[in-house]
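As structure tokens, the structure follows; a few thoughts come after it.
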Amino acid sequence: MTSPLGRLRPEHPPVRRVDDLAAAFGLRVDGPAEGVTATGVTMSSADVEPGDLFVAVPGLRVHGARFAAEAVARGAVAVLTDTEGAELVPAGVPVLLTDDPRALAGPVAAWVLDDPASRLVTVGVTGTNGKTTTTYFVDAALRARHAVTAVLGTVELRIGDDAVESPRTTVEAPVLQSLLALAHERGATALTTEVSSHALALGRVGGVQFDVVGFTNLQRDHLDFHGDMEGYFRDKSRLFAPGQARRGVVVIDDEWGRRLAQESPIPVETVSTRVGAPQAAQADWAVVEADVGLDGVGSRFVLRGPDGARHEAHSPLPGLVNVSNAALAVVVAHAAGVPVDAAAEAVGRAHAIPGRMERVVERGDGWPLCLVDYAHTPDALELALEAVRPITPGRLVLVYGSDGDRDRGKRPIMGQVGARLADVLVVTDENPRSEDPASIRAAILEGVRDVRPDLADVHEATSRAQAIREALRLAGPDDTVIVTGKGHEPTQEIAGVFHRYNDRDVFLAARAERREQHA
């Protein structure tokens with residue numbers, strides 16, 4: 001089936017001379033480059049199309065230039081790589097040499113595609129929790145002033161009404177540049193993207209100068225990659241750099257946001273989203289009233305602007321965490337040119353976001369309220385459970401696990417949070433990857449025992465689908481079942497194999513089966 005976004009490339013790319021590219025970036029060229037033209041850039045030999053420049057970077061196990069022959073066979077006209085990689089490129093192929101080909105991948109792709117970001121209003125959102133929700137809220141606000149928009153992130157790559165599943169939170173730099181060019185070609189005038197810490201560390205947003213960037217928060221996550229919180233903060237801060245962004249908006253609810261606002265070398269506006277917090281008085285924008293809404297649908301809040309004006313606003317998702325996401329989105333959209341009241345109205349009408357406090361089954365007909373949420377860090381889990389508690393007349397039933405091959409230190413902390421804030425726990429698997437799933441569950445249960453030594457109302461399930469069905473068996477009509485950790489994800493990785501799986505689908509299948517039984 002043909003993707004609604006085609007090849008994720010513009011249909012009519014510019015044609016650029018390889019020797020001009022080399023001159024523009026001061027690159028040495030080995031091989032016959034005169035008269036050679038490029039129409040695209042890729043870092044994946046499997047994605048090469050005729051006319052591409054292939055960027056070969058050093059990898060963890062092998063150098064990307066080992067795939068240069070395959071790239072050339074598919075139609076690559078030249079290779080950008082380092083001196084080590086140059087030794088692996090077939091003879092007769094122009095080689096552009098640089099010390100750090102990964103760092104140049106984005107700028108070179110932007111040059112080949114004639115700087116597509118400059119033709120769009122561009123917004124980037126980073127932070128540990130809330131990136132996806134905030135980008136969707138921002139996109140909703142931008143659509144109040146832009147007929148066609150694009151949003152890229154963890155859930156999907158969407159331009160206008162066409163979308164495909166996203167391979168990662170932030171795509172590789174040449175793919176991002178191609179999507180920017182495709183968005184412009186399809187009439188989009190604004191684009192919002194999530195920007196992960198990995199993307200910033202690996203240069204995936206290189207070649208883009210965002211008009212506005214936003215920061216949600218910084219909580220424990222990805223320390224297996226960044227080493228410690230200082231390293232994590234340092235990589236997140238890369239988004240707020242001259243040449244990477246023109247201006248920023250920072251939520252200053254945590255110490256990291258306050259530090260970023262103080263140290264940012266680009267102009268920033270600050271947002272305080274906790275009513276009555278000490279930092280609210282100094283913040284440019286502050287949430288001064290918030291009604292979390294016991295109807296379980298959303299929350300009303302009042303946002304005070306820099307001029308003292310009060311703006312009525314609404315989050316379509318429950319909990320104070322989504323008041324924070326909505327307030328940030330309103331200010332970011334305003335910084336991107338949308339009048340503040342129009343932005344607030346549009347955010348309040350934003351559609352449901354896959355896997356973010358997603359209401360899969362509504363309470364009624366004997367069913368509990370069933371929710372799916374992506375919360376996969378201790379802080380995100382705490383905020384999710386606190387958001388759901390006020391809309392739960394009965395017990396709060398939590399299904400959760402933790403990822404394999406990732407930060408192991410957070411597993412017992414997740415166990416403690418769940419045991420403290422939920423009534424019934426079903427501990428199961430998330431994405432075990434190469435680890436033994438039982439050992440991951442054991443680490444979570446170790447944290448659970450710190451809070452509940454007798455493991456009262458604690459269950460363990462060796463299958464995620466089994467865990468959800470067990471939770472539904474345990475839940476009554478006044479209860480709420482929330483399954484966290486995977487959100488929208490369409491697959492589960494077990495022992496290196498990706499299996500098609502989605503939490504929402506399991507809920508719906510269980511409901512359908514019960515209806516058939518009572519038909």
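To be explicit about the labels: the chains of the structure tokens are called A, B, and onward in the order shown, and within each one the residues are counted from 1, while ligands get numbers from 1 in the order they are shown.
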Subject >> DSSP alpha helix (DSSP H) residues within stretch 109-178 of chain A, as a PyMOL selection string >> reply: chain A and resi 109-112+131-142+173-178
Distance query A:Ser463 at most 9 Å, only C-alpha atoms, self and fewer than 3 positions along chain excluded, as a short mmCIF file (atom, residue, chain, number, x, y, z; two decimals) with N, CA, C and O atoms, in the first residue's frame:
data_model
loop_
_atom_site.label_atom_id
_atom_site.label_comp_id
_atom_site.auth_asym_id
_atom_site.auth_seq_id
_atom_site.Cartn_x
_atom_site.Cartn_y
_atom_site.Cartn_z
N THR A 428 3.80 -5.88 35.10
CA THR A 428 3.99 -6.70 33.91
C THR A 428 5.17 -6.18 33.09
O THR A 428 6.01 -5.43 33.60
N ASP A 429 5.22 -6.55 31.82
CA ASP A 429 6.35 -6.17 30.96
C ASP A 429 6.00 -4.95 30.12
O ASP A 429 4.83 -4.67 29.84
N GLN A 466 -2.29 -10.18 29.11
CA GLN A 466 -2.83 -10.88 30.27
C GLN A 466 -3.01 -9.91 31.44
O GLN A 466 -3.99 -9.98 32.18
N ALA A 467 -2.06 -8.99 31.60
CA ALA A 467 -2.12 -8.02 32.70
C ALA A 467 -3.36 -7.13 32.58
O ALA A 467 -4.04 -6.86 33.57
N ILE A 468 -3.64 -6.67 31.37
CA ILE A 468 -4.80 -5.80 31.17
C ILE A 468 -6.09 -6.57 31.44
O ILE A 468 -7.02 -6.06 32.09
#
Original post:
What lies within 7 Å of A:Ala443 using only C-alpha atoms, ignoring chain neighbours under 4 positions off, as number ranges by chain?
Top reply: A: 411-412, 439, 447
Would you save the residues of that selection, restricted to N, CA and C atoms, as a PDB file, in the first residue's frame?
ATOM      1  N   ARG A 411      13.584   1.610  38.114  1.00  0.00           N
ATOM      2  CA  ARG A 411      12.587   0.537  38.258  1.00  0.00           C
ATOM      3  C   ARG A 411      12.021   0.450  39.673  1.00  0.00           C
ATOM      4  N   PRO A 412      12.860   0.364  40.727  1.00  0.00           N
ATOM      5  CA  PRO A 412      12.270   0.335  42.072  1.00  0.00           C
ATOM      6  C   PRO A 412      11.536   1.617  42.422  1.00  0.00           C
ATOM      7  N   SER A 439      13.330 -10.385  35.547  1.00  0.00           N
ATOM      8  CA  SER A 439      14.245  -9.590  36.370  1.00  0.00           C
ATOM      9  C   SER A 439      13.809  -8.128  36.425  1.00  0.00           C
ATOM     10  N   GLY A 447      10.661  -2.300  44.725  1.00  0.00           N
ATOM     11  CA  GLY A 447      10.193  -0.985  45.145  1.00  0.00           C
ATOM     12  C   GLY A 447       8.799  -1.035  45.737  1.00  0.00           C
TER      13      GLY A 447
END
**OP:** Could you pull out the residues in stretch 365-460 of chain A that DSSP calls strand (DSSP E or B) from the backbone, as an MDAnalysis selection string?
**Re:** chainID A and resid 367 369:373 396:400 424:427 433 458:460
Could you turn the residues from that selection into a file that holds C-alpha atoms, as an mmCIF file, in the first residue's frame?
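Writing the result to part_34.cif gives the following:
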data_model
loop_
_atom_site.group_PDB
_atom_site.id
_atom_site.type_symbol
_atom_site.label_atom_id
_atom_site.label_comp_id
_atom_site.auth_asym_id
_atom_site.auth_seq_id
_atom_site.Cartn_x
_atom_site.Cartn_y
_atom_site.Cartn_z
ATOM 1 C CA TRP A 367 -17.370 -1.119 32.850
ATOM 2 C CA LEU A 369 -13.110 3.884 32.971
ATOM 3 C CA CYS A 370 -10.156 2.535 30.943
ATOM 4 C CA LEU A 371 -7.237 4.803 30.102
ATOM 5 C CA VAL A 372 -3.949 4.440 28.231
ATOM 6 C CA ASP A 373 -1.060 6.767 29.032
ATOM 7 C CA LEU A 396 -7.459 3.052 40.975
ATOM 8 C CA VAL A 397 -6.093 -0.029 39.181
ATOM 9 C CA LEU A 398 -2.662 0.375 37.616
ATOM 10 C CA VAL A 399 -1.039 -1.830 34.957
ATOM 11 C CA TYR A 400 2.632 -1.003 34.449
ATOM 12 C CA VAL A 424 -4.426 -2.271 42.875
ATOM 13 C CA LEU A 425 -1.218 -3.028 40.963
ATOM 14 C CA VAL A 426 -0.644 -5.412 38.085
ATOM 15 C CA VAL A 427 3.095 -5.480 37.377
ATOM 16 C CA ARG A 433 14.291 -5.922 24.717
ATOM 17 C CA VAL A 458 -0.379 -6.594 44.017
ATOM 18 C CA HIS A 459 -0.409 -8.980 41.058
ATOM 19 C CA GLU A 460 2.230 -10.043 38.549
#
Subject >> Residue nearest A:Ser272 - candidates A:Val112, A:Ala105, A:Ala327, A:Leu317, atoms counted: only C-alpha atoms >> reply: A:Ala327
**OP:** Tell me, as a ChimeraX atom specification, which residues lie within 10 Å of A:Arg356, counting only C-alpha atoms; anything in the same chain fewer than 3 positions away does not count.
**Re:** /A:130,132-133,317,322,352-353,359,371-375,384,484,486-488
**OP:** Check the smallest atom-to-atom distance from each of A:Pro378, A:Gly26, A:Pro101, A:Gly187 to A:Val57 using only C-alpha atoms, then report the winner.
**Re:** A:Pro101
**OP:** For A:Pro174, work out the shell of residues within 12 Å, counting only C-alpha atoms and skipping chain neighbours fewer than 5 positions away, then give it as a PyMOL selection string.
**Re:** chain A and resi 8-9+39-44+47-48+52-55+102-113+115-116+179-181+203-208
Next, dump the selected residues to file, keeping only N, CA and C atoms, as a compact mmCIF listing (two decimals), in the first residue's frame.
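That gives us again.txt:
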# COMPACT_ATOMS: atom_id res chain seq x y z
N LEU A 8 8.21 10.25 1.83
CA LEU A 8 8.66 11.21 2.85
C LEU A 8 9.67 12.17 2.27
N ARG A 9 9.52 12.44 0.97
CA ARG A 9 10.42 13.36 0.26
C ARG A 9 9.58 14.27 -0.64
N THR A 39 20.05 15.48 -5.55
CA THR A 39 18.67 15.94 -5.31
C THR A 39 18.14 15.52 -3.94
N GLY A 40 18.95 14.80 -3.18
CA GLY A 40 18.52 14.36 -1.86
C GLY A 40 19.70 13.92 -1.03
N VAL A 41 19.44 13.68 0.26
CA VAL A 41 20.47 13.24 1.20
C VAL A 41 19.88 12.16 2.08
N THR A 42 20.66 11.13 2.39
CA THR A 42 20.20 10.09 3.30
C THR A 42 21.37 9.51 4.08
N MET A 43 21.07 9.00 5.28
CA MET A 43 22.06 8.31 6.09
C MET A 43 21.82 6.80 6.08
N SER A 44 20.79 6.36 5.37
CA SER A 44 20.45 4.94 5.33
C SER A 44 20.62 4.41 3.91
N ASP A 47 17.51 3.42 2.10
CA ASP A 47 16.58 4.46 1.65
C ASP A 47 17.13 5.27 0.48
N VAL A 48 18.27 4.90 -0.04
CA VAL A 48 18.87 5.67 -1.13
C VAL A 48 17.98 5.67 -2.36
N ASP A 52 20.93 10.72 -4.76
CA ASP A 52 21.19 11.02 -3.35
C ASP A 52 22.68 11.19 -3.05
N LEU A 53 22.95 12.00 -2.07
CA LEU A 53 24.24 12.04 -1.39
C LEU A 53 24.10 11.12 -0.18
N PHE A 54 24.99 10.14 -0.05
CA PHE A 54 24.95 9.19 1.07
C PHE A 54 25.91 9.68 2.16
N VAL A 55 25.37 9.88 3.36
CA VAL A 55 26.19 10.31 4.49
C VAL A 55 26.54 9.08 5.31
N ARG A 102 28.39 13.22 10.86
CA ARG A 102 27.09 13.28 11.51
C ARG A 102 26.68 14.73 11.76
N ALA A 103 27.61 15.55 12.22
CA ALA A 103 27.30 16.96 12.52
C ALA A 103 26.93 17.72 11.26
N LEU A 104 27.44 17.29 10.11
CA LEU A 104 27.14 18.00 8.86
C LEU A 104 25.91 17.47 8.13
N ALA A 105 25.39 16.32 8.56
CA ALA A 105 24.28 15.71 7.82
C ALA A 105 23.10 16.65 7.69
N GLY A 106 22.70 17.30 8.78
CA GLY A 106 21.56 18.21 8.74
C GLY A 106 21.83 19.46 7.92
N PRO A 107 22.91 20.19 8.20
CA PRO A 107 23.20 21.38 7.40
C PRO A 107 23.35 21.09 5.90
N VAL A 108 24.00 19.97 5.56
CA VAL A 108 24.16 19.62 4.15
C VAL A 108 22.81 19.30 3.52
N ALA A 109 21.97 18.55 4.24
CA ALA A 109 20.63 18.25 3.70
C ALA A 109 19.81 19.52 3.53
N ALA A 110 19.94 20.45 4.48
CA ALA A 110 19.23 21.73 4.36
C ALA A 110 19.71 22.49 3.13
N TRP A 111 21.02 22.45 2.87
CA TRP A 111 21.58 23.15 1.70
C TRP A 111 21.08 22.52 0.40
N VAL A 112 21.10 21.20 0.34
CA VAL A 112 20.66 20.50 -0.87
C VAL A 112 19.19 20.80 -1.17
N LEU A 113 18.38 20.89 -0.10
CA LEU A 113 16.93 21.11 -0.28
C LEU A 113 16.55 22.59 -0.19
N ASP A 115 17.11 24.99 2.13
CA ASP A 115 16.69 25.50 3.43
C ASP A 115 15.17 25.56 3.58
N PRO A 116 14.51 24.41 3.59
CA PRO A 116 13.04 24.40 3.66
C PRO A 116 12.49 24.99 4.95
N LEU A 179 11.19 16.08 5.22
CA LEU A 179 9.82 16.32 5.67
C LEU A 179 9.49 17.81 5.68
N LEU A 180 10.46 18.64 6.05
CA LEU A 180 10.24 20.09 5.98
C LEU A 180 9.96 20.52 4.53
N ALA A 181 10.74 19.97 3.60
CA ALA A 181 10.54 20.31 2.19
C ALA A 181 9.21 19.78 1.67
N GLY A 203 22.71 15.43 16.77
CA GLY A 203 22.63 16.37 15.66
C GLY A 203 21.47 16.19 14.71
N ARG A 204 20.38 15.57 15.17
CA ARG A 204 19.27 15.31 14.24
C ARG A 204 18.49 16.55 13.85
N VAL A 205 18.61 17.63 14.61
CA VAL A 205 17.93 18.87 14.21
C VAL A 205 18.93 19.88 13.64
N GLY A 206 20.11 19.40 13.29
CA GLY A 206 21.09 20.27 12.64
C GLY A 206 20.55 20.80 11.33
N GLY A 207 20.85 22.05 11.03
CA GLY A 207 20.38 22.67 9.80
C GLY A 207 19.03 23.33 9.93
N VAL A 208 18.40 23.25 11.12
CA VAL A 208 17.12 23.92 11.36
C VAL A 208 17.34 25.01 12.40
Original post:
From the list A:Pro453, A:Gly127, A:Pro339, A:Pro278, which residue is nearest A:Val251 when using only C-alpha atoms?
Top reply: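 Nearest candidate to A:Val251 out of A:Pro453, A:Gly127, A:Pro339, A:Pro278: A:Gly127.
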Original post:
Between atom CA of A:Ser324 and atom CA of A:Ala261, what is the spacing in Å?
Top reply: 16.6 Å
Original post:
Quick one: of A:Gly366, A:Pro437, A:Gly298, A:Pro490, who's nearest to A:Arg349, counting only C-alpha atoms?
Top reply: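 Nearest candidate to A:Arg349 out of A:Gly366, A:Pro437, A:Gly298, A:Pro490: A:Gly298.
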Subject >> For stretch 449-451 of chain A: contacts at 7 Å, only C-alpha atoms, fewer than 5 positions along chain excluded, given as a PyMOL selection string >> reply: chain A and resi 416+419-420
Store the residues picked out above in a file with C-alpha atoms, as a PDB file, in the first residue's frame.
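Saved to out_33.pdb:
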ATOM      1  CA  GLN A 416       7.286   2.790  44.994  1.00  0.00           C
ATOM      2  CA  ALA A 419       2.352   1.267  45.409  1.00  0.00           C
ATOM      3  CA  ARG A 420       1.871   4.661  47.017  1.00  0.00           C
TER       4      ARG A 420
END
Original post:
In Å, with one decimal, what is the gap from atom CA of A:Ile159 to atom CA of A:Val138?
Top reply: 14.5 Å
Original post:
So which residues touch A:Arg500 within 9 Å, counting only C-alpha atoms, skipping near sequence neighbours fewer than 6 positions away, as a list in words?
Top reply: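 So, after excluding close chain neighbours, the residues are Pro490, Thr491, Gln492 and Glu493 of chain A.
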Original post:
Distance atom CA of A:Ser237-atom CA of A:Thr126, one decimal place?
Top reply: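 Between atom CA of A:Ser237 and atom CA of A:Thr126 the gap works out to 9.2 Å.
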